[in-house]
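Enquirer: Sharing upload-v2.pdb below, PDB, C-alpha atoms:
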```
ATOM      1  CA  MET A1217     -48.482 156.300 112.829
ATOM      2  CA  PRO A1218     -47.724 156.291 109.089
ATOM      3  CA  ALA A1219     -51.418 155.746 108.297
ATOM      4  CA  ALA A1220     -52.456 158.617 110.575
ATOM      5  CA  LEU A1221     -49.966 160.961 108.922
ATOM      6  CA  GLU A1222     -51.135 159.885 105.454
ATOM      7  CA  LEU A1223     -54.726 160.606 106.501
ATOM      8  CA  LEU A1224     -53.776 164.086 107.724
ATOM      9  CA  GLN A1225     -52.130 164.769 104.380
ATOM     10  CA  ALA A1226     -54.986 163.382 102.274
ATOM     11  CA  ARG A1227     -57.851 164.872 104.252
ATOM     12  CA  TYR A1228     -56.371 168.184 105.407
ATOM     13  CA  GLY A1229     -53.413 168.817 103.098
ATOM     14  CA  VAL A1230     -50.892 168.652 105.939
ATOM     15  CA  GLN A1231     -47.398 168.668 104.422
ATOM     16  CA  SER A1232     -45.293 168.856 107.572
ATOM     17  CA  MET A1233     -45.626 168.542 111.318
ATOM     18  CA  ARG A1234     -43.550 169.793 114.196
ATOM     19  CA  THR A1235     -43.378 167.909 117.455
ATOM     20  CA  ASP A1236     -42.007 169.081 120.764
ATOM     21  CA  CYS A1237     -42.137 165.886 122.695
ATOM     22  CA  GLY A1238     -40.205 163.593 124.965
ATOM     23  CA  GLY A1239     -37.544 161.080 124.115
ATOM     24  CA  HIS A1240     -39.838 158.082 123.655
ATOM     25  CA  LEU A1241     -42.108 159.692 121.039
ATOM     26  CA  ASN A1242     -39.095 161.261 119.293
ATOM     27  CA  GLY A1243     -37.436 157.837 119.210
ATOM     28  CA  SER A1244     -40.556 156.080 117.932
ATOM     29  CA  LEU A1245     -41.031 158.610 115.127
ATOM     30  CA  LEU A1246     -37.355 158.345 114.145
ATOM     31  CA  ALA A1247     -37.340 154.539 114.257
ATOM     32  CA  ALA A1248     -40.483 154.442 112.079
ATOM     33  CA  GLY A1249     -38.740 156.581 109.442
ATOM     34  CA  LEU A1250     -41.250 159.415 109.860
ATOM     35  CA  VAL A1251     -38.758 162.189 110.584
ATOM     36  CA  ASP A1252     -36.853 164.073 107.917
ATOM     37  CA  GLU A1253     -35.464 166.900 110.079
ATOM     38  CA  VAL A1254     -34.196 167.222 113.641
ATOM     39  CA  ALA A1255     -33.898 170.703 115.127
ATOM     40  CA  VAL A1256     -32.114 171.219 118.433
ATOM     41  CA  ILE A1257     -31.691 174.410 120.421
ATOM     42  CA  ILE A1258     -28.767 174.288 122.823
ATOM     43  CA  ASN A1259     -29.204 176.779 125.642
ATOM     44  CA  PRO A1260     -26.174 178.339 127.346
ATOM     45  CA  ALA A1261     -26.819 176.467 130.608
ATOM     46  CA  LEU A1262     -26.337 172.930 131.881
ATOM     47  CA  ALA A1263     -29.292 170.996 133.263
ATOM     48  CA  ALA A1264     -29.491 171.028 137.031
ATOM     49  CA  ASN A1265     -31.498 167.800 137.178
ATOM     50  CA  PRO A1266     -29.327 164.691 136.667
ATOM     51  CA  GLU A1267     -32.479 162.736 135.792
ATOM     52  CA  SER A1268     -33.400 165.080 132.933
ATOM     53  CA  GLN A1269     -35.550 163.669 130.173
ATOM     54  CA  SER A1270     -33.707 162.193 127.221
ATOM     55  CA  PHE A1271     -33.966 163.943 123.861
ATOM     56  CA  VAL A1272     -34.271 160.636 121.978
ATOM     57  CA  THR A1273     -34.986 157.166 123.329
ATOM     58  CA  LEU A1274     -35.100 154.723 120.436
ATOM     59  CA  PRO A1275     -37.423 151.727 120.957
ATOM     60  CA  HIS A1276     -34.812 149.434 119.373
ATOM     61  CA  ALA A1277     -31.490 149.716 117.606
ATOM     62  CA  VAL A1278     -32.158 151.126 114.153
ATOM     63  CA  SER A1279     -28.680 150.315 112.878
ATOM     64  CA  ALA A1280     -25.229 149.472 114.186
ATOM     65  CA  VAL A1281     -24.115 153.097 113.821
ATOM     66  CA  GLY A1282     -27.338 154.889 114.791
ATOM     67  CA  LEU A1283     -29.227 157.332 112.595
ATOM     68  CA  PRO A1284     -26.885 159.498 110.549
ATOM     69  CA  LEU A1285     -27.694 163.202 110.402
ATOM     70  CA  ARG A1286     -26.508 165.850 107.928
ATOM     71  CA  LEU A1287     -26.055 169.355 109.280
ATOM     72  CA  ARG A1288     -28.294 171.747 107.340
ATOM     73  CA  GLU A1289     -28.085 174.999 109.274
ATOM     74  CA  VAL A1290     -26.578 176.611 112.370
ATOM     75  CA  ASP A1291     -27.982 179.820 113.854
ATOM     76  CA  ARG A1292     -26.600 181.687 116.814
ATOM     77  CA  LEU A1293     -29.474 183.211 118.783
ATOM     78  CA  ASN A1294     -29.350 186.508 120.677
ATOM     79  CA  ASP A1295     -29.311 184.890 124.123
ATOM     80  CA  GLY A1296     -26.232 182.797 123.317
ATOM     81  CA  ALA A1297     -28.206 179.696 122.396
ATOM     82  CA  VAL A1298     -27.412 177.752 119.211
ATOM     83  CA  TRP A1299     -30.098 176.367 116.912
ATOM     84  CA  LEU A1300     -28.956 173.315 114.940
ATOM     85  CA  ARG A1301     -30.993 171.853 112.066
ATOM     86  CA  TYR A1302     -30.164 168.414 110.697
ATOM     87  CA  ASP A1303     -31.555 166.314 107.864
ATOM     88  CA  VAL A1304     -32.214 162.707 108.872
ATOM     89  CA  ARG A1305     -30.507 160.399 106.386
ATOM     90  CA  GLN A1306     -32.525 157.202 106.152
ATOM     91  CA  SER A1307     -32.408 154.818 103.237
ATOM     92  CA  HIS A1308     -36.179 154.865 102.647
ATOM     93  CA  HIS A1309     -36.370 158.685 102.529
ATOM     94  CA  SER A1310     -35.771 160.615  99.356
TER      95      SER A1310
END
```
Spell out the structure here as structure tokens.

Expert:
Amino acid sequence: MPAALELLQARYGVQSMRTDCGGHLNGSLLAAGLVDEVAVIINPALAANPESQSFVTLPHAVSAVGLPLRLREVDRLNDGAVWLRYDVRQSHHS
């Protein structure tokens, strides 16, 4: 994945990407150190399906304490939802 992202940047000038994906791809991108921001919208409703898809499923433990996040921004949306933006704090990111 890092090589593919480097190619997108070199060939097409891509500086950032947004993904709306399932827990496994989110977890793989996070574990590979390819994520610098996590944005979560919390809707004012609880999931009806107890087997709902996980937001993040890491492929392996990335550290004993998980991946630390730093809250960047909180927005309250008109429908009562809350949009949270976090910076991912990984040692190999600047």

Enquirer: As an exercise, work out the distance from CA of Ala1255 in chain A to CA of Leu1300 in chain A in Å and give it to one decimal place.

Expert: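 One can read the CA of Ala1255 in chain A to CA of Leu1300 in chain A distance as 5.6 Å.
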
Enquirer: Just checking: using all atoms listed in the file, which residue out of A:Trp1299, A:Asn1259, A:Val1272, A:Ala1247 ends up closest to Leu1287 in chain A?

Expert: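 Among the listed residues, A:Trp1299 lies closest to Leu1287 in chain A.
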
Enquirer: Please work out which residues fall within 8 Å of (-39.8, 153.6, 122.5), coordinates as given in the file, with only C-alpha atoms counting, and return them as an MDAnalysis selection string.

Expert: chainID A and resid 1239:1241 1243:1244 1273:1276

Enquirer: Between A:Met1217, A:Ile1258, A:Ala1297, A:Ala1248, which has the minimum distance to Ala1277 in chain A (counting all atoms listed in the file)?

Expert: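 The shortest atom-to-atom distance to Ala1277 in chain A comes from A:Ala1248.
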
Enquirer: Would you compute the distance between CA of Asp1252 in chain A and CA of Ser1232 in chain A? Give it in Å to one decimal.

Expert: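 Those two atoms sit 9.7 Å apart.
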
Enquirer: Please measure the separation of CA of Val1290 in chain A and CA of Leu1262 in chain A, giving the value in Å to one decimal.

Expert: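 Calculated distance between CA of Val1290 in chain A and CA of Leu1262 in chain A is 19.9 Å.
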
Enquirer: Find, counting only C-alpha atoms, the residue in A:Leu1224, A:Leu1293, A:Leu1285, A:Val1256 that gets nearest to Phe1271 in chain A.

Expert: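 So, comparing all the options, the nearest one is A:Val1256.
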
Enquirer: Considering all atoms listed in the file, return as a PDB file with C-alpha atoms, in the frame of the given file whatever protein or nucleic-acid residues lie within 12 Å of Arg1305 in chain A, sequence-local ones (same chain, fewer than 2 positions apart) excluded.

Expert:
```pdb
ATOM      1  CA  LEU A1246     -37.355 158.345 114.145  1.00  0.00           C
ATOM      2  CA  ALA A1247     -37.340 154.539 114.257  1.00  0.00           C
ATOM      3  CA  GLY A1249     -38.740 156.581 109.442  1.00  0.00           C
ATOM      4  CA  LEU A1250     -41.250 159.415 109.860  1.00  0.00           C
ATOM      5  CA  VAL A1251     -38.758 162.189 110.584  1.00  0.00           C
ATOM      6  CA  ASP A1252     -36.853 164.073 107.917  1.00  0.00           C
ATOM      7  CA  GLU A1253     -35.464 166.900 110.079  1.00  0.00           C
ATOM      8  CA  VAL A1254     -34.196 167.222 113.641  1.00  0.00           C
ATOM      9  CA  GLY A1282     -27.338 154.889 114.791  1.00  0.00           C
ATOM     10  CA  LEU A1283     -29.227 157.332 112.595  1.00  0.00           C
ATOM     11  CA  PRO A1284     -26.885 159.498 110.549  1.00  0.00           C
ATOM     12  CA  LEU A1285     -27.694 163.202 110.402  1.00  0.00           C
ATOM     13  CA  ARG A1286     -26.508 165.850 107.928  1.00  0.00           C
ATOM     14  CA  LEU A1287     -26.055 169.355 109.280  1.00  0.00           C
ATOM     15  CA  ARG A1288     -28.294 171.747 107.340  1.00  0.00           C
ATOM     16  CA  TYR A1302     -30.164 168.414 110.697  1.00  0.00           C
ATOM     17  CA  ASP A1303     -31.555 166.314 107.864  1.00  0.00           C
ATOM     18  CA  SER A1307     -32.408 154.818 103.237  1.00  0.00           C
ATOM     19  CA  HIS A1308     -36.179 154.865 102.647  1.00  0.00           C
ATOM     20  CA  HIS A1309     -36.370 158.685 102.529  1.00  0.00           C
ATOM     21  CA  SER A1310     -35.771 160.615  99.356  1.00  0.00           C
TER      22      SER A1310
END
```

Enquirer: For range 1227-1253 of chain A, which lacks atoms in the input, supply N, CA and C atoms and format the output as an mmCIF file, keeping the file's coordinate frame.

Expert:
```cif
data_model
loop_
_atom_site.group_PDB
_atom_site.id
_atom_site.type_symbol
_atom_site.label_atom_id
_atom_site.label_comp_id
_atom_site.auth_asym_id
_atom_site.auth_seq_id
_atom_site.Cartn_x
_atom_site.Cartn_y
_atom_site.Cartn_z
ATOM 1 N N ARG A 1227 -56.609 164.208 103.863
ATOM 2 C CA ARG A 1227 -57.851 164.872 104.252
ATOM 3 C C ARG A 1227 -57.676 166.376 104.471
ATOM 4 N N TYR A 1228 -56.532 166.782 105.020
ATOM 5 C CA TYR A 1228 -56.371 168.184 105.407
ATOM 6 C C TYR A 1228 -55.219 168.902 104.711
ATOM 7 N N GLY A 1229 -54.509 168.192 103.833
ATOM 8 C CA GLY A 1229 -53.413 168.817 103.098
ATOM 9 C C GLY A 1229 -52.175 169.101 103.929
ATOM 10 N N VAL A 1230 -52.055 168.439 105.066
ATOM 11 C CA VAL A 1230 -50.892 168.652 105.939
ATOM 12 C C VAL A 1230 -49.635 168.156 105.232
ATOM 13 N N GLN A 1231 -48.654 169.023 105.084
ATOM 14 C CA GLN A 1231 -47.398 168.668 104.422
ATOM 15 C C GLN A 1231 -46.260 168.431 105.408
ATOM 16 N N SER A 1232 -46.343 169.063 106.568
ATOM 17 C CA SER A 1232 -45.293 168.856 107.572
ATOM 18 C C SER A 1232 -45.879 169.054 108.956
ATOM 19 N N MET A 1233 -45.221 168.436 109.924
ATOM 20 C CA MET A 1233 -45.626 168.542 111.318
ATOM 21 C C MET A 1233 -44.399 168.813 112.165
ATOM 22 N N ARG A 1234 -44.608 169.541 113.221
ATOM 23 C CA ARG A 1234 -43.550 169.793 114.196
ATOM 24 C C ARG A 1234 -43.985 169.164 115.504
ATOM 25 N N THR A 1235 -43.075 168.471 116.142
ATOM 26 C CA THR A 1235 -43.378 167.909 117.455
ATOM 27 C C THR A 1235 -42.361 168.422 118.462
ATOM 28 N N ASP A 1236 -42.840 168.743 119.616
ATOM 29 C CA ASP A 1236 -42.007 169.081 120.764
ATOM 30 C C ASP A 1236 -42.394 168.070 121.831
ATOM 31 N N CYS A 1237 -41.694 166.974 121.835
ATOM 32 C CA CYS A 1237 -42.137 165.886 122.695
ATOM 33 C C CYS A 1237 -40.949 165.262 123.412
ATOM 34 N N GLY A 1238 -41.231 164.279 124.203
ATOM 35 C CA GLY A 1238 -40.205 163.593 124.965
ATOM 36 C C GLY A 1238 -39.442 162.575 124.144
ATOM 37 N N GLY A 1239 -38.452 161.992 124.778
ATOM 38 C CA GLY A 1239 -37.544 161.080 124.115
ATOM 39 C C GLY A 1239 -38.185 159.842 123.520
ATOM 40 N N HIS A 1240 -39.222 159.306 124.164
ATOM 41 C CA HIS A 1240 -39.838 158.082 123.655
ATOM 42 C C HIS A 1240 -40.597 158.329 122.348
ATOM 43 N N LEU A 1241 -41.400 159.410 122.287
ATOM 44 C CA LEU A 1241 -42.108 159.692 121.039
ATOM 45 C C LEU A 1241 -41.125 160.093 119.946
ATOM 46 N N ASN A 1242 -40.134 160.918 120.278
ATOM 47 C CA ASN A 1242 -39.095 161.261 119.293
ATOM 48 C C ASN A 1242 -38.454 159.990 118.741
ATOM 49 N N GLY A 1243 -38.078 159.079 119.630
ATOM 50 C CA GLY A 1243 -37.436 157.837 119.210
ATOM 51 C C GLY A 1243 -38.336 156.973 118.353
ATOM 52 N N SER A 1244 -39.605 156.879 118.717
ATOM 53 C CA SER A 1244 -40.556 156.080 117.932
ATOM 54 C C SER A 1244 -40.745 156.653 116.537
ATOM 55 N N LEU A 1245 -40.875 157.971 116.442
ATOM 56 C CA LEU A 1245 -41.031 158.610 115.127
ATOM 57 C C LEU A 1245 -39.783 158.412 114.274
ATOM 58 N N LEU A 1246 -38.609 158.558 114.879
ATOM 59 C CA LEU A 1246 -37.355 158.345 114.145
ATOM 60 C C LEU A 1246 -37.218 156.897 113.695
ATOM 61 N N ALA A 1247 -37.477 155.958 114.592
ATOM 62 C CA ALA A 1247 -37.340 154.539 114.257
ATOM 63 C C ALA A 1247 -38.311 154.118 113.169
ATOM 64 N N ALA A 1248 -39.489 154.770 113.103
ATOM 65 C CA ALA A 1248 -40.483 154.442 112.079
ATOM 66 C C ALA A 1248 -40.170 155.116 110.748
ATOM 67 N N GLY A 1249 -39.102 155.917 110.695
ATOM 68 C CA GLY A 1249 -38.740 156.581 109.442
ATOM 69 C C GLY A 1249 -39.643 157.748 109.103
ATOM 70 N N LEU A 1250 -40.290 158.346 110.099
ATOM 71 C CA LEU A 1250 -41.250 159.415 109.860
ATOM 72 C C LEU A 1250 -40.676 160.810 110.073
ATOM 73 N N VAL A 1251 -39.392 160.897 110.319
ATOM 74 C CA VAL A 1251 -38.758 162.189 110.584
ATOM 75 C C VAL A 1251 -37.764 162.489 109.477
ATOM 76 N N ASP A 1252 -37.841 163.695 108.915
ATOM 77 C CA ASP A 1252 -36.853 164.073 107.917
ATOM 78 C C ASP A 1252 -35.960 165.211 108.401
ATOM 79 N N GLU A 1253 -36.308 165.828 109.529
ATOM 80 C CA GLU A 1253 -35.464 166.900 110.079
ATOM 81 C C GLU A 1253 -35.489 166.850 111.601
#
```
